[in-house]
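K.L.:
This is the structure I have questions about; it appears just below.
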Amino acid sequence: MDGKKAYSTFNGAMLGFLILIALSLAAVLLFTKSSVFSKIDEHGCNNSGGYTFSYAKAKCIKIYEEAVQLNKTGSNNPNDLKAFIVFSDDNKSADMFLPDRIYALLLLKENNAEWHDNSSTYILYNLPEKLSLKENSEEIYYINR
């Protein structure tokens, strides 16, 4: 086999291989629920697009658009991590998002809600003048109204 024929055979094989790869990738994108660039959770929320499922709202939301942001008690540092509370439309439940720790659905009764994990009790007080989140009776996050 001379050099030109070998080169031509190699180019043909390489082109065939690239077409096979392209078709395989197209099939994966076509038959999977999400693309390679997004992450869809079990509720159908596009996490890569900033969406998280809210049990209180029963839909996908962007937390930073729909939540009340609570400041860390005793800190004036704007870079401290925040807590977020998302209230249901009827104000009977709320989602609690704490930094790097906990996500919980709270059922509100008489302006407060309580939630327990292995070592702590969290109470959310929804008062006219203040929204306060306490852990084991100590306020950890708040916002004045």
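Here's how to read the names in the structure tokens: chain A, B, ... by the order shown, residue numbers from 1 in each chain, ligand numbers from 1 in the order shown.
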May I have the residues within 7 Å of stretch 62-68 of chain A as an MDAnalysis selection string, using only C-alpha atoms and disregarding those fewer than 2 positions away in the same chain?
P.N.:
chainID A and resid 50:52 70 84:86
K.L.:
Mind checking DSSP for stretch 15-143 of chain A and telling me the strand (DSSP E or B) residues as a PyMOL selection string?
P.N.:
chain A and resi 40+46+52-54+59-61+68-72+83-87+93-97+103-107+109+112-116+121-126+130-135+138-143
K.L.:
Give me the residues within 10 Å of stretch 90-107 of chain A as a VMD selection string, counting only C-alpha atoms and dropping any in the same chain fewer than 3 places off.
P.N.:
chain A and resid 53 to 57 63 67 to 70 80 to 87 110 to 117 122 to 124 126 133 141
K.L.:
Can you write just those residues out, N, CA, C and O atoms, as a short mmCIF file (atom, residue, chain, number, x, y, z; two decimals), in the first residue's frame?
P.N.:
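Dumped to result06.cif:
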```cif
data_model
loop_
_atom_site.label_atom_id
_atom_site.label_comp_id
_atom_site.auth_asym_id
_atom_site.auth_seq_id
_atom_site.Cartn_x
_atom_site.Cartn_y
_atom_site.Cartn_z
N PHE A 53 -36.42 22.62 44.68
CA PHE A 53 -37.83 22.32 44.95
C PHE A 53 -38.20 22.85 46.33
O PHE A 53 -37.50 22.65 47.31
N SER A 54 -39.34 23.53 46.39
CA SER A 54 -39.89 24.02 47.65
C SER A 54 -41.13 23.21 47.99
O SER A 54 -42.10 23.20 47.23
N TYR A 55 -41.08 22.53 49.12
CA TYR A 55 -42.25 21.78 49.57
C TYR A 55 -43.36 22.74 50.00
O TYR A 55 -44.53 22.46 49.82
N ALA A 56 -42.99 23.87 50.58
CA ALA A 56 -43.98 24.84 51.03
C ALA A 56 -44.75 25.44 49.85
O ALA A 56 -45.95 25.67 49.93
N LYS A 57 -44.05 25.67 48.73
CA LYS A 57 -44.69 26.24 47.54
C LYS A 57 -45.16 25.16 46.57
O LYS A 57 -45.90 25.45 45.64
N ILE A 63 -34.38 30.22 45.30
CA ILE A 63 -34.46 30.60 46.72
C ILE A 63 -34.20 32.09 46.90
O ILE A 63 -34.93 32.77 47.62
N ALA A 67 -37.35 33.72 48.85
CA ALA A 67 -37.18 33.50 50.28
C ALA A 67 -36.95 34.80 51.05
O ALA A 67 -36.52 35.81 50.49
N VAL A 68 -37.25 34.72 52.32
CA VAL A 68 -36.87 35.78 53.26
C VAL A 68 -35.47 35.43 53.73
O VAL A 68 -35.21 34.31 54.18
N GLN A 69 -34.57 36.37 53.61
CA GLN A 69 -33.18 36.14 53.99
C GLN A 69 -32.97 36.57 55.44
O GLN A 69 -33.28 37.69 55.81
N LEU A 70 -32.45 35.66 56.25
CA LEU A 70 -32.19 35.95 57.67
C LEU A 70 -30.70 36.18 57.88
O LEU A 70 -29.87 35.46 57.33
N ASP A 80 -21.16 36.91 55.87
CA ASP A 80 -21.56 35.70 56.60
C ASP A 80 -22.66 34.98 55.84
O ASP A 80 -23.51 35.62 55.20
N LEU A 81 -22.67 33.67 55.94
CA LEU A 81 -23.70 32.89 55.29
C LEU A 81 -25.06 33.21 55.92
O LEU A 81 -25.16 33.45 57.11
N LYS A 82 -26.09 33.17 55.11
CA LYS A 82 -27.44 33.52 55.54
C LYS A 82 -28.29 32.26 55.65
O LYS A 82 -27.98 31.22 55.10
N ALA A 83 -29.39 32.40 56.35
CA ALA A 83 -30.44 31.38 56.36
C ALA A 83 -31.59 31.91 55.52
O ALA A 83 -31.76 33.13 55.38
N PHE A 84 -32.36 31.02 54.93
CA PHE A 84 -33.48 31.43 54.08
C PHE A 84 -34.74 30.70 54.50
O PHE A 84 -34.71 29.51 54.80
N ILE A 85 -35.86 31.43 54.51
CA ILE A 85 -37.16 30.86 54.83
C ILE A 85 -38.10 31.16 53.66
O ILE A 85 -38.20 32.31 53.23
N VAL A 86 -38.76 30.12 53.16
CA VAL A 86 -39.74 30.28 52.08
C VAL A 86 -41.10 29.91 52.65
O VAL A 86 -41.31 28.78 53.09
N PHE A 87 -42.01 30.87 52.67
CA PHE A 87 -43.35 30.63 53.20
C PHE A 87 -44.29 30.15 52.10
O PHE A 87 -44.20 30.60 50.96
N GLU A 110 -49.65 29.00 65.22
CA GLU A 110 -49.66 30.19 66.09
C GLU A 110 -48.36 30.97 66.01
O GLU A 110 -47.69 31.23 67.00
N ASN A 111 -47.96 31.32 64.81
CA ASN A 111 -46.79 32.16 64.53
C ASN A 111 -45.44 31.53 64.87
O ASN A 111 -44.45 32.24 64.96
N ASN A 112 -45.39 30.22 65.07
CA ASN A 112 -44.08 29.60 65.21
C ASN A 112 -44.12 28.16 64.70
O ASN A 112 -45.18 27.59 64.50
N ALA A 113 -42.95 27.64 64.47
CA ALA A 113 -42.81 26.27 63.99
C ALA A 113 -41.60 25.65 64.65
O ALA A 113 -40.61 26.33 64.93
N GLU A 114 -41.65 24.36 64.87
CA GLU A 114 -40.56 23.67 65.54
C GLU A 114 -40.11 22.50 64.70
O GLU A 114 -40.93 21.82 64.06
N TRP A 115 -38.80 22.25 64.69
CA TRP A 115 -38.23 21.14 63.94
C TRP A 115 -37.07 20.56 64.72
O TRP A 115 -36.29 21.30 65.32
N HIS A 116 -36.95 19.24 64.74
CA HIS A 116 -35.89 18.56 65.50
C HIS A 116 -35.01 17.76 64.55
O HIS A 116 -35.51 17.12 63.64
N ASP A 117 -33.71 17.80 64.82
CA ASP A 117 -32.81 16.85 64.18
C ASP A 117 -32.14 16.04 65.29
O ASP A 117 -32.60 16.05 66.43
N TYR A 122 -34.99 23.38 66.48
CA TYR A 122 -35.08 24.68 65.81
C TYR A 122 -36.50 25.19 65.94
O TYR A 122 -37.46 24.45 65.72
N ILE A 123 -36.62 26.47 66.30
CA ILE A 123 -37.93 27.09 66.39
C ILE A 123 -37.89 28.39 65.58
O ILE A 123 -37.02 29.23 65.78
N LEU A 124 -38.85 28.51 64.68
CA LEU A 124 -38.99 29.72 63.88
C LEU A 124 -40.14 30.52 64.45
O LEU A 124 -41.26 30.03 64.57
N ASN A 126 -42.44 33.69 63.88
CA ASN A 126 -42.91 34.60 62.85
C ASN A 126 -43.75 35.68 63.52
O ASN A 126 -44.96 35.59 63.61
N LEU A 133 -35.06 32.79 64.16
CA LEU A 133 -34.83 31.35 64.17
C LEU A 133 -33.91 31.02 65.32
O LEU A 133 -32.81 31.59 65.44
N TYR A 141 -30.44 33.18 63.77
CA TYR A 141 -30.70 34.02 62.60
C TYR A 141 -31.94 34.85 62.85
O TYR A 141 -32.84 34.43 63.59
#
```
